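Below is the file coords.txt, which contains compact mmCIF, C-alpha atoms.
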# COMPACT_ATOMS: atom_id res chain seq x y z
CA MET G 1 -41.16 -17.78 5.10
CA SER G 2 -39.07 -18.34 8.22
CA ASN G 3 -35.34 -18.64 7.78
CA LYS G 4 -33.83 -21.74 9.35
CA ASN G 5 -30.23 -20.69 8.76
CA LEU G 6 -27.67 -19.86 11.45
CA THR G 7 -27.96 -16.07 11.02
CA GLY G 8 -31.74 -16.09 11.43
CA SER G 9 -31.58 -18.43 14.43
CA LEU G 10 -28.93 -16.26 16.06
CA ARG G 11 -31.05 -13.10 15.48
CA ARG G 12 -34.14 -14.71 17.01
CA TRP G 13 -32.09 -16.02 19.94
CA THR G 14 -30.50 -12.62 20.70
CA SER G 15 -33.91 -10.90 20.55
CA ARG G 16 -35.22 -13.48 23.01
CA VAL G 17 -32.22 -12.95 25.34
CA ILE G 18 -32.50 -9.15 25.42
CA THR G 19 -34.33 -6.50 23.42
CA ALA G 20 -32.73 -3.20 22.32
CA GLU G 21 -35.06 -1.32 24.71
CA GLU G 22 -33.92 -3.45 27.65
CA LEU G 23 -30.25 -3.15 26.67
CA LEU G 24 -30.17 0.64 26.23
CA PRO G 25 -32.90 2.23 28.37
CA GLU G 26 -33.23 6.01 28.17
CA GLU G 27 -34.56 6.42 31.68
CA LEU G 28 -33.75 4.72 34.96
CA PRO G 29 -35.90 4.34 38.08
CA GLU G 30 -35.87 7.27 40.53
CA TYR G 31 -34.33 5.14 43.27
CA THR G 32 -31.11 4.77 41.25
CA ARG G 33 -30.33 8.50 41.74
CA SER G 34 -27.68 7.71 44.37
CA PHE G 35 -23.90 7.49 44.45
CA VAL G 36 -24.29 3.89 45.68
CA TYR G 37 -25.56 2.90 42.21
CA LEU G 38 -22.40 4.32 40.57
CA PHE G 39 -19.90 1.81 41.98
CA GLY G 40 -20.57 -0.77 39.24
CA ALA G 41 -20.11 1.85 36.51
CA CYS G 42 -16.88 3.06 38.19
CA THR G 43 -15.59 -0.55 38.17
CA LEU G 44 -16.43 -0.81 34.47
CA GLY G 45 -14.63 2.51 33.81
CA ALA G 46 -11.52 1.21 35.58
CA PHE G 47 -11.72 -1.97 33.47
CA VAL G 48 -11.74 0.13 30.26
CA CYS G 49 -8.60 1.98 31.49
CA LEU G 50 -7.02 -1.38 32.33
CA ILE G 51 -7.64 -2.75 28.85
CA ALA G 52 -6.43 0.42 27.11
CA SER G 53 -3.21 0.67 29.16
CA GLY G 54 -2.76 -3.13 28.98
CA ILE G 55 -2.94 -3.13 25.17
CA THR G 56 -0.32 -0.35 25.08
CA LEU G 57 1.98 -2.31 27.42
CA ALA G 58 1.52 -5.51 25.40
CA LEU G 59 2.29 -3.68 22.12
CA PHE G 60 5.67 -2.36 23.31
CA GLY G 61 6.72 -5.15 25.72
CA PRO G 62 8.59 -5.50 29.03
CA GLY G 63 11.78 -3.81 27.76
CA TRP G 64 9.78 -0.64 27.12
CA TRP G 65 7.75 -0.55 30.32
CA HIS G 66 10.88 -1.14 32.44
CA ALA G 67 13.33 1.15 30.62
CA SER G 68 11.55 4.21 29.24
CA SER G 69 9.86 7.00 31.16
CA VAL G 70 6.73 6.79 28.98
CA GLY G 71 6.69 3.03 29.61
CA HIS G 72 6.89 3.68 33.37
CA PHE G 73 4.01 6.13 33.05
CA VAL G 74 1.75 3.68 31.16
CA ASN G 75 2.75 0.92 33.56
CA SER G 76 1.70 3.19 36.45
CA ILE G 77 -1.65 3.91 34.77
CA HIS G 78 -2.17 0.14 34.48
CA PHE G 79 -1.22 -0.33 38.16
CA TRP G 80 -3.51 2.46 39.45
CA SER G 81 -6.36 1.26 37.20
CA VAL G 82 -6.11 -2.10 38.99
CA GLN G 83 -6.27 -0.36 42.36
CA CYS G 84 -9.39 1.56 41.22
CA PHE G 85 -10.89 -1.61 39.70
CA PHE G 86 -10.69 -3.54 42.98
CA PHE G 87 -11.52 -0.47 45.11
CA PHE G 88 -14.82 0.11 43.29
CA MET G 89 -15.58 -3.59 42.78
CA VAL G 90 -15.40 -4.20 46.54
CA LEU G 91 -17.56 -1.11 47.20
CA HIS G 92 -20.01 -2.46 44.57
CA LEU G 93 -19.95 -5.82 46.40
CA TRP G 94 -20.58 -4.16 49.79
CA SER G 95 -23.51 -2.11 48.50
CA GLN G 96 -25.11 -5.01 46.59
CA PHE G 97 -24.68 -7.31 49.59
CA ALA G 98 -26.27 -4.69 51.88
CA MET G 99 -29.21 -4.38 49.46
CA ALA G 100 -29.54 -8.19 49.11
CA ALA G 101 -29.21 -7.68 45.35
CA TRP G 102 -30.06 -11.31 44.58
CA ARG G 103 -33.77 -10.53 45.25
CA GLY G 104 -36.40 -10.74 42.49
CA GLY G 105 -34.80 -13.52 40.45
CA ARG G 106 -31.37 -11.84 40.31
CA ASN G 107 -29.58 -14.93 41.68
CA LEU G 108 -27.62 -15.54 38.49
CA THR G 109 -26.52 -11.87 38.32
CA TRP G 110 -25.10 -12.26 41.84
CA VAL G 111 -23.37 -15.55 40.97
CA VAL G 112 -21.79 -14.11 37.79
CA GLY G 113 -20.62 -11.11 39.85
CA ALA G 114 -18.99 -13.44 42.37
CA LEU G 115 -17.33 -15.36 39.52
CA LEU G 116 -16.05 -12.05 38.13
CA PHE G 117 -14.50 -11.25 41.50
CA VAL G 118 -12.66 -14.61 41.59
CA CYS G 119 -11.49 -14.26 37.96
CA SER G 120 -10.30 -10.70 38.65
CA ILE G 121 -8.16 -12.00 41.53
CA LEU G 122 -6.62 -14.58 39.17
CA ALA G 123 -5.99 -11.84 36.57
CA ALA G 124 -4.35 -9.61 39.19
CA PHE G 125 -2.24 -12.54 40.42
CA THR G 126 -0.93 -13.36 36.94
CA GLY G 127 -0.31 -9.62 36.52
CA TYR G 128 1.87 -9.58 39.62
CA LEU G 129 3.80 -12.54 38.17
CA SER G 130 4.33 -10.62 34.91
CA GLN G 131 6.10 -7.67 36.52
CA GLN G 132 9.55 -9.23 36.00
CA ASN G 133 10.96 -7.83 39.23
CA LEU G 134 11.91 -9.22 42.65
CA ASP G 135 8.27 -9.02 43.80
CA SER G 136 7.08 -11.28 40.96
CA GLN G 137 9.88 -13.79 41.61
CA TRP G 138 9.09 -13.89 45.32
CA ILE G 139 5.32 -14.25 44.75
CA SER G 140 5.73 -16.99 42.12
CA VAL G 141 8.11 -19.05 44.31
CA GLN G 142 5.67 -18.78 47.24
CA GLY G 143 2.63 -19.42 45.03
CA LYS G 144 4.21 -22.51 43.44
CA ASP G 145 3.76 -24.36 46.74
CA ALA G 146 0.04 -23.49 46.70
CA MET G 147 -0.31 -24.77 43.11
CA ASN G 148 1.43 -28.03 44.06
CA ALA G 149 -0.67 -28.36 47.22
CA VAL G 150 -3.94 -28.28 45.25
CA GLY G 151 -2.59 -30.66 42.59
CA ILE G 152 -2.36 -28.30 39.60
CA GLY G 153 1.36 -27.57 39.80
CA ALA G 154 2.01 -29.76 36.76
CA PHE G 155 -0.24 -27.53 34.59
CA PHE G 156 0.59 -24.06 35.89
CA ASN G 157 4.23 -23.14 36.42
CA LEU G 158 4.18 -19.76 38.15
CA LEU G 159 7.89 -19.30 37.41
CA ASN G 160 7.19 -19.56 33.67
CA PHE G 161 6.89 -15.90 32.62
CA GLY G 162 5.58 -16.78 29.14
CA GLN G 163 2.73 -18.89 30.50
CA MET G 164 1.71 -16.39 33.19
CA TYR G 165 1.97 -13.43 30.80
CA SER G 166 -0.16 -15.22 28.16
CA ILE G 167 -2.81 -16.06 30.76
CA HIS G 168 -2.71 -12.45 31.99
CA ILE G 169 -2.99 -10.68 28.63
CA ALA G 170 -5.08 -13.17 26.61
CA VAL G 171 -7.06 -15.65 28.69
CA MET G 172 -8.14 -13.68 31.75
CA PRO G 173 -9.18 -10.44 29.94
CA ALA G 174 -11.32 -12.50 27.52
CA VAL G 175 -12.94 -14.43 30.39
CA ILE G 176 -13.56 -11.23 32.39
CA ALA G 177 -14.95 -9.35 29.36
CA ALA G 178 -17.32 -12.26 28.61
CA LEU G 179 -18.49 -12.43 32.23
CA ILE G 180 -18.98 -8.63 32.35
CA THR G 181 -21.13 -8.89 29.20
CA VAL G 182 -23.29 -11.61 30.79
CA HIS G 183 -23.45 -9.64 34.07
CA LEU G 184 -24.60 -6.46 32.29
CA ILE G 185 -27.19 -8.31 30.17
CA LEU G 186 -28.61 -9.89 33.32
CA VAL G 187 -28.68 -6.50 35.08
CA ARG G 188 -30.52 -4.95 32.11
CA ARG G 189 -33.00 -7.84 31.83
CA LYS G 190 -33.97 -7.88 35.49
CA GLY G 191 -33.65 -4.12 36.12
CA LEU G 192 -31.55 -2.47 38.83
CA VAL G 193 -32.36 -3.82 42.27
CA PRO G 194 -34.47 -1.38 44.34
CA PRO G 195 -33.40 -0.41 47.88
CA LEU G 196 -34.84 -2.72 50.55
CA ALA G 197 -37.18 0.04 51.80
CA ASP G 198 -38.76 0.41 48.31
CA ASP G 199 -39.01 -3.31 47.67
CA GLU G 200 -42.21 -4.63 46.15
CA GLY G 201 -41.24 -8.23 45.64
CA GLY G 202 -37.77 -7.14 44.50
CA LYS G 203 -38.93 -6.69 40.91
CA GLY G 204 -37.55 -3.18 40.43
CA ASP G 205 -38.87 -1.03 37.62
CA ALA G 206 -36.53 -0.64 34.66
CA ASP G 207 -39.06 1.48 32.70
CA ALA G 208 -39.96 3.99 35.39
CA GLY G 209 -38.78 7.54 34.92
CA MET J 1 9.26 -2.31 44.39
CA GLY J 2 12.45 -0.80 45.82
CA LEU J 3 10.58 1.14 48.51
CA GLY J 4 11.64 -0.99 51.47
CA ALA J 5 9.45 -3.04 53.78
CA PRO J 6 6.11 -1.40 54.68
CA HIS J 7 5.21 -0.69 58.30
CA TYR J 8 2.74 -3.06 59.92
CA VAL J 9 -0.06 -2.28 62.38
CA GLN J 10 -0.63 -5.05 64.91
CA LEU J 11 -4.13 -5.27 66.44
CA GLY J 12 -4.27 -8.53 68.41
CA PHE J 13 -4.14 -11.35 65.86
CA VAL J 14 -4.70 -8.88 62.99
CA SER J 15 -1.55 -7.74 61.20
CA ILE J 16 -2.01 -5.25 58.35
CA THR J 17 0.35 -2.95 56.46
CA VAL J 18 -0.19 0.80 56.74
CA PRO J 19 -0.91 1.19 52.96
CA ASN J 20 -3.58 -1.54 53.15
CA LEU J 21 -5.07 0.05 56.26
CA VAL J 22 -5.21 3.44 54.47
CA VAL J 23 -7.02 1.86 51.47
CA LEU J 24 -9.48 0.09 53.80
CA GLY J 25 -10.15 3.38 55.63
CA LEU J 26 -10.67 5.19 52.31
CA MET J 27 -13.14 2.53 51.15
CA ILE J 28 -15.19 2.84 54.33
CA LEU J 29 -15.11 6.65 53.96
CA VAL J 30 -16.24 6.57 50.29
CA PHE J 31 -18.97 4.04 51.11
CA ALA J 32 -20.30 6.20 53.96
CA ALA J 33 -20.14 9.32 51.76
CA ALA J 34 -22.04 7.54 48.96
CA LEU J 35 -24.81 6.70 51.41
CA ALA J 36 -24.93 10.13 53.02
CA LEU J 37 -24.53 12.46 50.02
CA ARG J 38 -27.33 13.11 47.57
CA LEU J 39 -26.58 12.80 43.84
CA PRO J 40 -27.47 16.06 42.06
CA ASP J 41 -29.88 15.68 39.14
CA GLU J 42 -28.87 16.34 35.53
CA HIS J 43 -29.50 20.09 35.89
CA GLY J 44 -27.29 20.35 38.97
CA ASP J 45 -30.35 20.77 41.20
CA ASP J 46 -29.86 18.68 44.32
CA ARG J 47 -33.06 19.78 46.11
CA THR J 48 -35.47 17.05 47.09
CA ASP J 49 -38.93 16.85 45.44
CA GLU J 50 -40.46 18.33 48.61
CA GLU J 51 -38.07 21.31 48.55
CA ARG J 52 -38.86 21.96 44.88
CA LYS J 53 -42.59 22.39 45.50
CA PRO J 54 -43.68 26.07 45.30

Please express the file's structure as structure tokens.
Amino acid sequence: MSNKNLTGSLRRWTSRVITAEELLPEELPEYTRSFVYLFGACTLGAFVCLIASGITLALFGPGWWHASSVGHFVNSIHFWSVQCFFFFMVLHLWSQFAMAAWRGGRNLTWVVGALLFVCSILAAFTGYLSQQNLDSQWISVQGKDAMNAVGIGAFFNLLNFGQMYSIHIAVMPAVIAALITVHLILVRRKGLVPPLADDEGGKGDADAG
Amino acid sequence: MGLGAPHYVQLGFVSITVPNLVVLGLMILVFAAALALRLPDEHGDDRTDEERKP
């Protein structure tokens, strides 16, 4: 007897979206044995460091990260994680662009990746505004003109620390985490894009050893 | 940041700070290295399949 309840429907839907074998393959194609294929994983690693250091900063608050030496240290980890995040994300973008990674029905993977890049810039921007120093004041005063120019100044007040901090620590991480999940599922479903020289219709071969 | 104004490099209409130029140079270097260097396999053997043949 087939279950028509929400749990059963959700289980059937998730198994249609991606199977456990597709999600967690034990072997990858031979062509992925290259440093070029590590940039995405390095970006993900930097994101994990960002979240871990960000949670620590959020737990103790601005007074702690400005005044104590441990706070300075964790703040620095958060700052350098951002540098690594963008460093590797741009290298990932360069390599995927050079390989025309949208081949073989991977258009949506590419689009979600581009969206992730834009959302990451917004997250970094709100992070700059949350520093509570002269830099953040200067950037928010300059950025306010841009918000007004595009007609959204009434909704986003860059000088409002509470609003920018909430967007930075709650909204943007959730959006980015959701988009990363979709990006990874799409990568796993379609397989890693083969180099142009090995291309056979851009299908890749997720099961090859 | 309390570190003073960064130095700028002026190349025609391009104006870039030295720290940004260093990061850009590093990215190009890492990208070139990733293309040129071979990733060792899980046993630390970085010979090609041809070299491994007896």

Q. What separation in Å, quoted to one decimal, exists between CA of Pro173 in chain G and CA of Thr19 in chain G?
A. 26.3 Å

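Each of G:Ile121, G:Ala41, G:Leu192, G:Val36 was checked against chain J using all atoms listed in the file; the smallest atom-to-atom distance is that of G:Val36.
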
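Computed from the coordinates, the CA of Phe39 in chain G to CA of Phe31 in chain J distance equals 9.4 Å.
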
(Q) Could you check the closest approach to Ile167 in chain G for each of G:Ala146, G:Ile152, G:Asn133, G:Leu122 and tell me which residue wins, using all atoms listed in the file? (A) G:Leu122

Cut-off 8 Å: closest chain J/chain G atom pairs per residue, using all atoms listed in the file, as a tab-separated table:
residue	atom	partner	partner_atom	distance
J:Met1	CA	G:Asp135	CA	6.8
J:Met27	CA	G:Phe87	CA	6.9
J:Phe31	CA	G:Leu91	CA	6.6
J:Ala34	CA	G:Phe35	CA	4.9
J:Leu35	CA	G:Val36	CA	6.4
J:Leu37	CA	G:Phe35	CA	7.5
J:Arg38	CA	G:Ser34	CA	6.3
J:Leu39	CA	G:Ser34	CA	5.2
J:Asp41	CA	G:Arg33	CA	7.6

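Pairwise distance (CA of Asn107 in chain G, CA of Arg16 in chain G) equals 19.6 Å.
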
(Q) Here's a test: counting all atoms listed in the file, identify every protein, DNA and RNA residue with an atom at most 8 Å from (-29.0, -6.2, 26.8) in the file's coordinate frame, and state them as an MDAnalysis selection string. (A) chainID G and resid 17:20 22:24 184:186 188:189

How would the residues just picked look written out with C-alpha atoms as a short mmCIF file (atom, residue, chain, number, x, y, z; two decimals), in the coordinates of the input?
data_model
loop_
_atom_site.label_atom_id
_atom_site.label_comp_id
_atom_site.auth_asym_id
_atom_site.auth_seq_id
_atom_site.Cartn_x
_atom_site.Cartn_y
_atom_site.Cartn_z
CA VAL G 17 -32.22 -12.95 25.34
CA ILE G 18 -32.50 -9.15 25.42
CA THR G 19 -34.33 -6.50 23.42
CA ALA G 20 -32.73 -3.20 22.32
CA GLU G 22 -33.92 -3.45 27.65
CA LEU G 23 -30.25 -3.15 26.67
CA LEU G 24 -30.17 0.64 26.23
CA LEU G 184 -24.60 -6.46 32.29
CA ILE G 185 -27.19 -8.31 30.17
CA LEU G 186 -28.61 -9.89 33.32
CA ARG G 188 -30.52 -4.95 32.11
CA ARG G 189 -33.00 -7.84 31.83
#
